[in-house]
Amino acid sequence: MKRKELLTKIFARGYIALLLLLMYLPILVLVVFSFTDTTNLFTWDTFTFDLYVRLFENEEIMTAVGNTLLLALISSLVAAALGTFAAIGVHELGKKGKRAYEFANNIPVVNPEIVISLSLIIMFVFLGNYVFNGFEKSFWTLLCGHLVLTTPFVYLSVKPKILQMDPALYEAALDLGCTPAQAMRKVTYPAILPGVLSGFMLAFTLSLDDFIITAFLTGPGLLSGAESIQTISTYVQSVIKKRPLPPEMRALCTIILLVVVIVVFSIFFLNRKERVKKRKGRTYIHG
């Protein structure tokens, strides 16, 4: 029996190690070869930071990075506000209203992006032909597409925090003389802030990584000026149709990976610090 358990444990750990190797080995190769100036991976030249220097000198890539960050920041901020207000409003509805809204909210979550993109294009063309004078894709059409994609996820992040909140706290604030707006600002918002922040981060990540909606709805604006907005994903797609990706993209991916690792570790240590603080508080109370 012990031998069987040992073999099972070895197999499980080996399986996990293999999965981690398949997931992280390509990333490790990419990071290592971002420090050598060669167009061919697996062919090491010399250790150098030239790719990082040339990355910041490449105007096309920097424009795509700037557009991506600006679009992700604007859309995630708006989505965080819309999703939070929606979660608060739906919480006050009756059972039928809640079920209807949550059903409608879940459709964009599970719907393929190609369906969202085509439906938005049809809507914009209809409005342009029958309501406004013509239709032109722009930053605003792109922003609408990203909001349709990200806002439902913010709602899903904020909703559990509202359900966990004690409704008596809001009523107590009203009884103590707060106006509804003051009670919302001083009681409700601090209680649901972790959900809002996680929804914002999720919306930012989704917008940062999106390709299909951006490719369908992009128009002139942001750092691209009069040209169509190029994000990192659409830039990569447009380049690989004509030529190999520039080696500077290896440096860009390494920087993105480094930022992600820093953010993840920061959140981990902050959560750990908060748990230790709560544990000490409970120990102090019981003592």
# chains A, B, ... in the order shown; residues from 1 in each chain; ligands from 1
$ select_by_dssp --residues "region 15-198 of chain A" --states "alpha helix (DSSP H)" --output "PyMOL selection string"
chain A and resi 15-32+50-57+59-91+95-110+113-130+139-164+167-175+180-183+189-198
$ residues_around --residues "Lys186 (chain A)" --least-positions-apart "4" --cutoff "12 Å" --atoms "only C-alpha atoms" --output "PyMOL selection string"
chain A and resi 169-170+172-174+178-182+190-193
$ write_last_selection --atoms "N, CA, C and O atoms" --output "PDB file, in the first residue's frame"
ATOM      1  N   LEU A 169     -24.732  48.022   8.185  1.00  0.00           N
ATOM      2  CA  LEU A 169     -23.762  49.110   8.283  1.00  0.00           C
ATOM      3  C   LEU A 169     -24.233  50.337   7.505  1.00  0.00           C
ATOM      4  O   LEU A 169     -24.113  51.471   7.981  1.00  0.00           O
ATOM      5  N   TYR A 170     -24.759  50.113   6.316  1.00  0.00           N
ATOM      6  CA  TYR A 170     -25.264  51.224   5.508  1.00  0.00           C
ATOM      7  C   TYR A 170     -26.459  51.887   6.197  1.00  0.00           C
ATOM      8  O   TYR A 170     -26.543  53.122   6.262  1.00  0.00           O
ATOM      9  N   ALA A 172     -27.110  51.851   9.377  1.00  0.00           N
ATOM     10  CA  ALA A 172     -26.619  52.531  10.580  1.00  0.00           C
ATOM     11  C   ALA A 172     -26.027  53.892  10.238  1.00  0.00           C
ATOM     12  O   ALA A 172     -26.212  54.874  10.988  1.00  0.00           O
ATOM     13  N   ALA A 173     -25.314  53.971   9.108  1.00  0.00           N
ATOM     14  CA  ALA A 173     -24.752  55.252   8.680  1.00  0.00           C
ATOM     15  C   ALA A 173     -25.851  56.263   8.394  1.00  0.00           C
ATOM     16  O   ALA A 173     -25.725  57.456   8.732  1.00  0.00           O
ATOM     17  N   LEU A 174     -26.955  55.806   7.790  1.00  0.00           N
ATOM     18  CA  LEU A 174     -28.089  56.703   7.544  1.00  0.00           C
ATOM     19  C   LEU A 174     -28.717  57.160   8.859  1.00  0.00           C
ATOM     20  O   LEU A 174     -29.082  58.336   9.019  1.00  0.00           O
ATOM     21  N   CYS A 178     -25.845  60.406   8.088  1.00  0.00           N
ATOM     22  CA  CYS A 178     -25.241  60.473   6.753  1.00  0.00           C
ATOM     23  C   CYS A 178     -26.329  60.543   5.686  1.00  0.00           C
ATOM     24  O   CYS A 178     -27.396  59.928   5.834  1.00  0.00           O
ATOM     25  N   THR A 179     -26.049  61.263   4.635  1.00  0.00           N
ATOM     26  CA  THR A 179     -26.915  61.217   3.466  1.00  0.00           C
ATOM     27  C   THR A 179     -26.624  59.911   2.713  1.00  0.00           C
ATOM     28  O   THR A 179     -25.597  59.275   2.946  1.00  0.00           O
ATOM     29  N   PRO A 180     -27.521  59.486   1.812  1.00  0.00           N
ATOM     30  CA  PRO A 180     -27.240  58.258   1.046  1.00  0.00           C
ATOM     31  C   PRO A 180     -25.907  58.308   0.312  1.00  0.00           C
ATOM     32  O   PRO A 180     -25.189  57.297   0.258  1.00  0.00           O
ATOM     33  N   ALA A 181     -25.555  59.485  -0.234  1.00  0.00           N
ATOM     34  CA  ALA A 181     -24.274  59.592  -0.945  1.00  0.00           C
ATOM     35  C   ALA A 181     -23.101  59.453   0.017  1.00  0.00           C
ATOM     36  O   ALA A 181     -22.102  58.793  -0.284  1.00  0.00           O
ATOM     37  N   GLN A 182     -23.217  60.068   1.219  1.00  0.00           N
ATOM     38  CA  GLN A 182     -22.145  59.954   2.200  1.00  0.00           C
ATOM     39  C   GLN A 182     -22.008  58.527   2.719  1.00  0.00           C
ATOM     40  O   GLN A 182     -20.894  58.027   2.906  1.00  0.00           O
ATOM     41  N   PRO A 190     -15.653  51.572   0.695  1.00  0.00           N
ATOM     42  CA  PRO A 190     -14.504  50.900   1.342  1.00  0.00           C
ATOM     43  C   PRO A 190     -14.693  49.390   1.479  1.00  0.00           C
ATOM     44  O   PRO A 190     -13.723  48.628   1.383  1.00  0.00           O
ATOM     45  N   ALA A 191     -15.944  48.947   1.674  1.00  0.00           N
ATOM     46  CA  ALA A 191     -16.197  47.513   1.855  1.00  0.00           C
ATOM     47  C   ALA A 191     -16.015  46.739   0.551  1.00  0.00           C
ATOM     48  O   ALA A 191     -15.581  45.581   0.563  1.00  0.00           O
ATOM     49  N   ILE A 192     -16.349  47.361  -0.568  1.00  0.00           N
ATOM     50  CA  ILE A 192     -16.275  46.650  -1.853  1.00  0.00           C
ATOM     51  C   ILE A 192     -15.019  47.009  -2.644  1.00  0.00           C
ATOM     52  O   ILE A 192     -14.839  46.518  -3.760  1.00  0.00           O
ATOM     53  N   LEU A 193     -14.139  47.840  -2.066  1.00  0.00           N
ATOM     54  CA  LEU A 193     -12.951  48.286  -2.791  1.00  0.00           C
ATOM     55  C   LEU A 193     -12.069  47.142  -3.283  1.00  0.00           C
ATOM     56  O   LEU A 193     -11.581  47.201  -4.421  1.00  0.00           O
TER      57      LEU A 193
END
$ residues_around --residues "region 84-97 of chain A" --least-positions-apart "3" --cutoff "8 Å" --atoms "only C-alpha atoms" --output "PyMOL selection string"
chain A and resi 80-81+100-101+154-155+158-159+162+196
$ atom_distance --atom1 "CA of Ile213 (chain A)" --atom2 "CA of Ala79 (chain A)"
15.7 Å
$ residues_around --residues "region 17-27 of chain A" --least-positions-apart "3" --cutoff "12 Å" --atoms "only C-alpha atoms" --output "ChimeraX atom specification"
/A:10-14,30-34,41-42,250-251,253-258
$ write_last_selection --atoms "N, CA, C and O atoms" --output "compact mmCIF listing (two decimals), in the first residue's frame"
# COMPACT_ATOMS: atom_id res chain seq x y z
N ILE A 10 4.93 10.14 -6.74
CA ILE A 10 6.00 10.43 -7.71
C ILE A 10 5.41 10.78 -9.07
O ILE A 10 5.86 11.72 -9.74
N PHE A 11 4.40 10.00 -9.49
CA PHE A 11 3.76 10.28 -10.78
C PHE A 11 3.10 11.65 -10.79
O PHE A 11 3.22 12.40 -11.76
N ALA A 12 2.39 12.00 -9.69
CA ALA A 12 1.70 13.29 -9.62
C ALA A 12 2.69 14.44 -9.68
O ALA A 12 2.50 15.42 -10.43
N ARG A 13 3.78 14.32 -8.91
CA ARG A 13 4.78 15.39 -8.91
C ARG A 13 5.50 15.48 -10.24
O ARG A 13 5.80 16.58 -10.72
N GLY A 14 5.78 14.32 -10.86
CA GLY A 14 6.42 14.34 -12.16
C GLY A 14 5.53 14.96 -13.23
O GLY A 14 6.00 15.69 -14.10
N LEU A 30 12.87 32.66 -24.25
CA LEU A 30 12.63 34.01 -24.76
C LEU A 30 13.39 35.04 -23.93
O LEU A 30 14.02 35.95 -24.48
N VAL A 31 13.36 34.89 -22.62
CA VAL A 31 14.06 35.83 -21.72
C VAL A 31 15.57 35.75 -21.94
O VAL A 31 16.25 36.79 -22.06
N VAL A 32 16.11 34.54 -22.02
CA VAL A 32 17.56 34.37 -22.20
C VAL A 32 18.02 35.00 -23.50
O VAL A 32 19.02 35.74 -23.55
N PHE A 33 17.26 34.77 -24.58
CA PHE A 33 17.69 35.27 -25.89
C PHE A 33 17.31 36.73 -26.12
O PHE A 33 17.57 37.26 -27.20
N SER A 34 16.70 37.36 -25.11
CA SER A 34 16.51 38.81 -25.20
C SER A 34 17.80 39.56 -24.89
O SER A 34 17.88 40.77 -25.08
N LEU A 41 16.58 32.37 -32.98
CA LEU A 41 16.60 31.80 -31.64
C LEU A 41 17.44 30.52 -31.63
O LEU A 41 17.54 29.82 -32.64
N PHE A 42 18.01 30.20 -30.48
CA PHE A 42 18.87 29.04 -30.27
C PHE A 42 20.24 29.21 -30.92
O PHE A 42 21.02 28.26 -30.98
N ARG A 250 11.47 40.46 -28.34
CA ARG A 250 11.90 39.59 -27.23
C ARG A 250 12.17 40.43 -25.98
O ARG A 250 11.82 40.03 -24.86
N ALA A 251 12.76 41.58 -26.16
CA ALA A 251 13.01 42.47 -25.03
C ALA A 251 11.70 43.00 -24.45
O ALA A 251 11.54 43.09 -23.22
N CYS A 253 8.73 41.54 -24.54
CA CYS A 253 8.06 40.45 -23.81
C CYS A 253 8.71 40.21 -22.46
O CYS A 253 8.03 39.92 -21.47
N THR A 254 10.03 40.33 -22.39
CA THR A 254 10.73 40.16 -21.11
C THR A 254 10.35 41.25 -20.12
O THR A 254 10.13 40.98 -18.93
N ILE A 255 10.23 42.48 -20.60
CA ILE A 255 9.82 43.58 -19.72
C ILE A 255 8.40 43.37 -19.22
O ILE A 255 8.11 43.57 -18.03
N ILE A 256 7.50 42.96 -20.11
CA ILE A 256 6.12 42.69 -19.70
C ILE A 256 6.08 41.59 -18.65
O ILE A 256 5.37 41.68 -17.64
N LEU A 257 6.86 40.52 -18.88
CA LEU A 257 6.92 39.41 -17.91
C LEU A 257 7.44 39.90 -16.57
O LEU A 257 6.90 39.51 -15.51
N LEU A 258 8.46 40.74 -16.58
CA LEU A 258 9.01 41.26 -15.32
C LEU A 258 7.98 42.08 -14.56
O LEU A 258 7.84 41.95 -13.33
$ closest_residue --among "A:Leu176, A:Ile229, A:Ile262, A:Leu202" --to "Ser157 (chain A)" --atoms "only C-alpha atoms"
A:Leu202
$ atom_distance --atom1 "CA of Arg243 (chain A)" --atom2 "CA of Ser207 (chain A)"
26.1 Å
$ closest_residue --among "A:Ser266, A:Met249, A:Arg275, A:Ala104" --to "Glu60 (chain A)" --atoms "only C-alpha atoms"
A:Met249
$ residues_around --residues "Glu248 (chain A)" --least-positions-apart "2" --cutoff "9 Å" --atoms "only C-alpha atoms" --output "list in words"
Ser34, Asp37, Asp50, Leu51, Tyr52, Val53, Arg54, Leu55, Phe56, Asn58, Ile61, Leu245, Pro246, Arg250, Ala251, Leu252 and Cys253 of chain A
$ write_last_selection --atoms "all heavy atoms" --output "compact mmCIF listing (two decimals), in the first residue's frame"
# COMPACT_ATOMS: atom_id res chain seq x y z
N SER A 34 16.70 37.36 -25.11
CA SER A 34 16.51 38.81 -25.20
C SER A 34 17.80 39.56 -24.89
O SER A 34 17.88 40.77 -25.08
CB SER A 34 15.41 39.27 -24.24
OG SER A 34 15.83 39.16 -22.89
N ASP A 37 21.91 39.68 -29.49
CA ASP A 37 21.42 40.31 -30.72
C ASP A 37 21.56 39.33 -31.88
O ASP A 37 22.53 39.35 -32.63
CB ASP A 37 22.22 41.58 -30.99
CG ASP A 37 21.61 42.37 -32.15
OD1 ASP A 37 20.56 41.95 -32.66
OD2 ASP A 37 22.21 43.39 -32.54
N ASP A 50 21.62 45.40 -26.31
CA ASP A 50 21.29 46.18 -27.51
C ASP A 50 19.81 46.10 -27.86
O ASP A 50 19.22 47.08 -28.33
CB ASP A 50 22.13 45.69 -28.70
CG ASP A 50 23.56 46.18 -28.63
OD1 ASP A 50 23.84 47.00 -27.74
OD2 ASP A 50 24.39 45.73 -29.43
N LEU A 51 19.20 44.93 -27.66
CA LEU A 51 17.78 44.80 -28.01
C LEU A 51 16.92 45.72 -27.16
O LEU A 51 15.92 46.27 -27.65
CB LEU A 51 17.32 43.35 -27.83
CG LEU A 51 17.89 42.32 -28.81
CD1 LEU A 51 17.27 40.95 -28.57
CD2 LEU A 51 17.64 42.75 -30.25
N TYR A 52 17.27 45.91 -25.91
CA TYR A 52 16.50 46.81 -25.04
C TYR A 52 16.69 48.26 -25.46
O TYR A 52 15.74 49.06 -25.41
CB TYR A 52 16.93 46.60 -23.58
CG TYR A 52 16.51 45.27 -23.03
CD1 TYR A 52 17.32 44.15 -23.17
CD2 TYR A 52 15.30 45.11 -22.37
CE1 TYR A 52 16.93 42.91 -22.68
CE2 TYR A 52 14.90 43.88 -21.86
CZ TYR A 52 15.73 42.78 -22.03
OH TYR A 52 15.34 41.56 -21.54
N VAL A 53 17.91 48.60 -25.87
CA VAL A 53 18.16 49.97 -26.34
C VAL A 53 17.39 50.23 -27.63
O VAL A 53 16.71 51.25 -27.78
CB VAL A 53 19.68 50.18 -26.56
CG1 VAL A 53 19.93 51.56 -27.18
CG2 VAL A 53 20.43 50.04 -25.25
N ARG A 54 17.46 49.27 -28.57
CA ARG A 54 16.76 49.44 -29.84
C ARG A 54 15.25 49.40 -29.68
O ARG A 54 14.51 49.99 -30.47
CB ARG A 54 17.23 48.37 -30.82
CG ARG A 54 18.58 48.68 -31.43
CD ARG A 54 19.28 47.50 -32.03
NE ARG A 54 18.40 46.55 -32.70
CZ ARG A 54 18.81 45.33 -33.04
NH1 ARG A 54 20.04 44.94 -32.77
NH2 ARG A 54 17.99 44.51 -33.65
N LEU A 55 14.78 48.69 -28.64
CA LEU A 55 13.34 48.64 -28.39
C LEU A 55 12.79 50.03 -28.17
O LEU A 55 11.76 50.41 -28.75
CB LEU A 55 13.06 47.75 -27.17
CG LEU A 55 11.63 47.79 -26.62
CD1 LEU A 55 10.65 47.21 -27.63
CD2 LEU A 55 11.55 47.03 -25.30
N PHE A 56 13.44 50.81 -27.33
CA PHE A 56 12.96 52.16 -27.01
C PHE A 56 13.25 53.16 -28.14
O PHE A 56 12.72 54.26 -28.12
CB PHE A 56 13.57 52.65 -25.70
CG PHE A 56 13.07 51.89 -24.50
CD1 PHE A 56 13.81 50.85 -23.96
CD2 PHE A 56 11.84 52.21 -23.93
CE1 PHE A 56 13.34 50.15 -22.87
CE2 PHE A 56 11.36 51.51 -22.84
CZ PHE A 56 12.11 50.46 -22.30
N ASN A 58 12.66 52.12 -31.33
CA ASN A 58 11.75 51.68 -32.39
C ASN A 58 10.42 52.41 -32.24
O ASN A 58 9.63 52.13 -31.34
CB ASN A 58 11.55 50.16 -32.31
CG ASN A 58 10.84 49.61 -33.53
OD1 ASN A 58 9.82 50.15 -33.97
ND2 ASN A 58 11.36 48.53 -34.07
N ILE A 61 7.03 50.18 -32.48
CA ILE A 61 6.74 49.37 -31.30
C ILE A 61 6.32 50.25 -30.13
O ILE A 61 5.37 49.94 -29.40
CB ILE A 61 7.95 48.49 -30.92
CG1 ILE A 61 8.25 47.49 -32.03
CG2 ILE A 61 7.70 47.76 -29.60
CD1 ILE A 61 9.44 46.60 -31.75
N LEU A 245 9.20 38.75 -37.02
CA LEU A 245 9.12 39.73 -35.95
C LEU A 245 10.49 40.31 -35.64
O LEU A 245 11.48 39.57 -35.63
CB LEU A 245 8.55 39.09 -34.68
CG LEU A 245 7.03 39.00 -34.55
CD1 LEU A 245 6.67 38.25 -33.28
CD2 LEU A 245 6.39 40.37 -34.55
N PRO A 246 10.57 41.60 -35.38
CA PRO A 246 11.87 42.18 -35.01
C PRO A 246 12.36 41.61 -33.69
O PRO A 246 11.56 41.34 -32.79
CB PRO A 246 11.56 43.69 -34.89
CG PRO A 246 10.09 43.78 -34.72
CD PRO A 246 9.50 42.61 -35.43
N ARG A 250 11.47 40.46 -28.34
CA ARG A 250 11.90 39.59 -27.23
C ARG A 250 12.17 40.43 -25.98
O ARG A 250 11.82 40.03 -24.86
CB ARG A 250 13.15 38.81 -27.62
CG ARG A 250 12.99 37.95 -28.86
CD ARG A 250 14.02 36.83 -28.91
NE ARG A 250 15.37 37.34 -29.06
CZ ARG A 250 16.02 37.44 -30.23
NH1 ARG A 250 15.41 37.10 -31.35
NH2 ARG A 250 17.25 37.89 -30.27
N ALA A 251 12.76 41.58 -26.16
CA ALA A 251 13.01 42.47 -25.03
C ALA A 251 11.70 43.00 -24.45
O ALA A 251 11.54 43.09 -23.22
CB ALA A 251 13.91 43.63 -25.46
N LEU A 252 10.77 43.34 -25.33
CA LEU A 252 9.47 43.84 -24.86
C LEU A 252 8.74 42.78 -24.05
O LEU A 252 8.19 43.06 -22.98
CB LEU A 252 8.62 44.28 -26.05
CG LEU A 252 7.19 44.73 -25.72
CD1 LEU A 252 7.21 45.95 -24.82
CD2 LEU A 252 6.42 45.02 -27.01
N CYS A 253 8.73 41.54 -24.54
CA CYS A 253 8.06 40.45 -23.81
C CYS A 253 8.71 40.21 -22.46
O CYS A 253 8.03 39.92 -21.47
CB CYS A 253 8.09 39.17 -24.64
SG CYS A 253 7.08 39.24 -26.13
$ closest_residue --among "A:Ser228, A:Asn111, A:Ser117, A:Asn40" --to "Phe216 (chain A)" --atoms "only C-alpha atoms"
A:Ser117
$ closest_residue --among "A:Asn67, A:Ser224, A:Thr46, A:Ser75" --to "Phe200 (chain A)" --atoms "only C-alpha atoms"
A:Ser75
$ residues_around --residues "Leu206 (chain A)" --least-positions-apart "2" --cutoff "12 Å" --atoms "only C-alpha atoms" --output "MDAnalysis selection string"
chainID A and resid 68:69 71:73 75:76 79 109 113 145:154 199:204 208:214
$ closest_residue --among "A:Tyr15, A:Asn129, A:Leu156, A:Ser233" --to "Asn105 (chain A)" --atoms "only C-alpha atoms"
A:Leu156
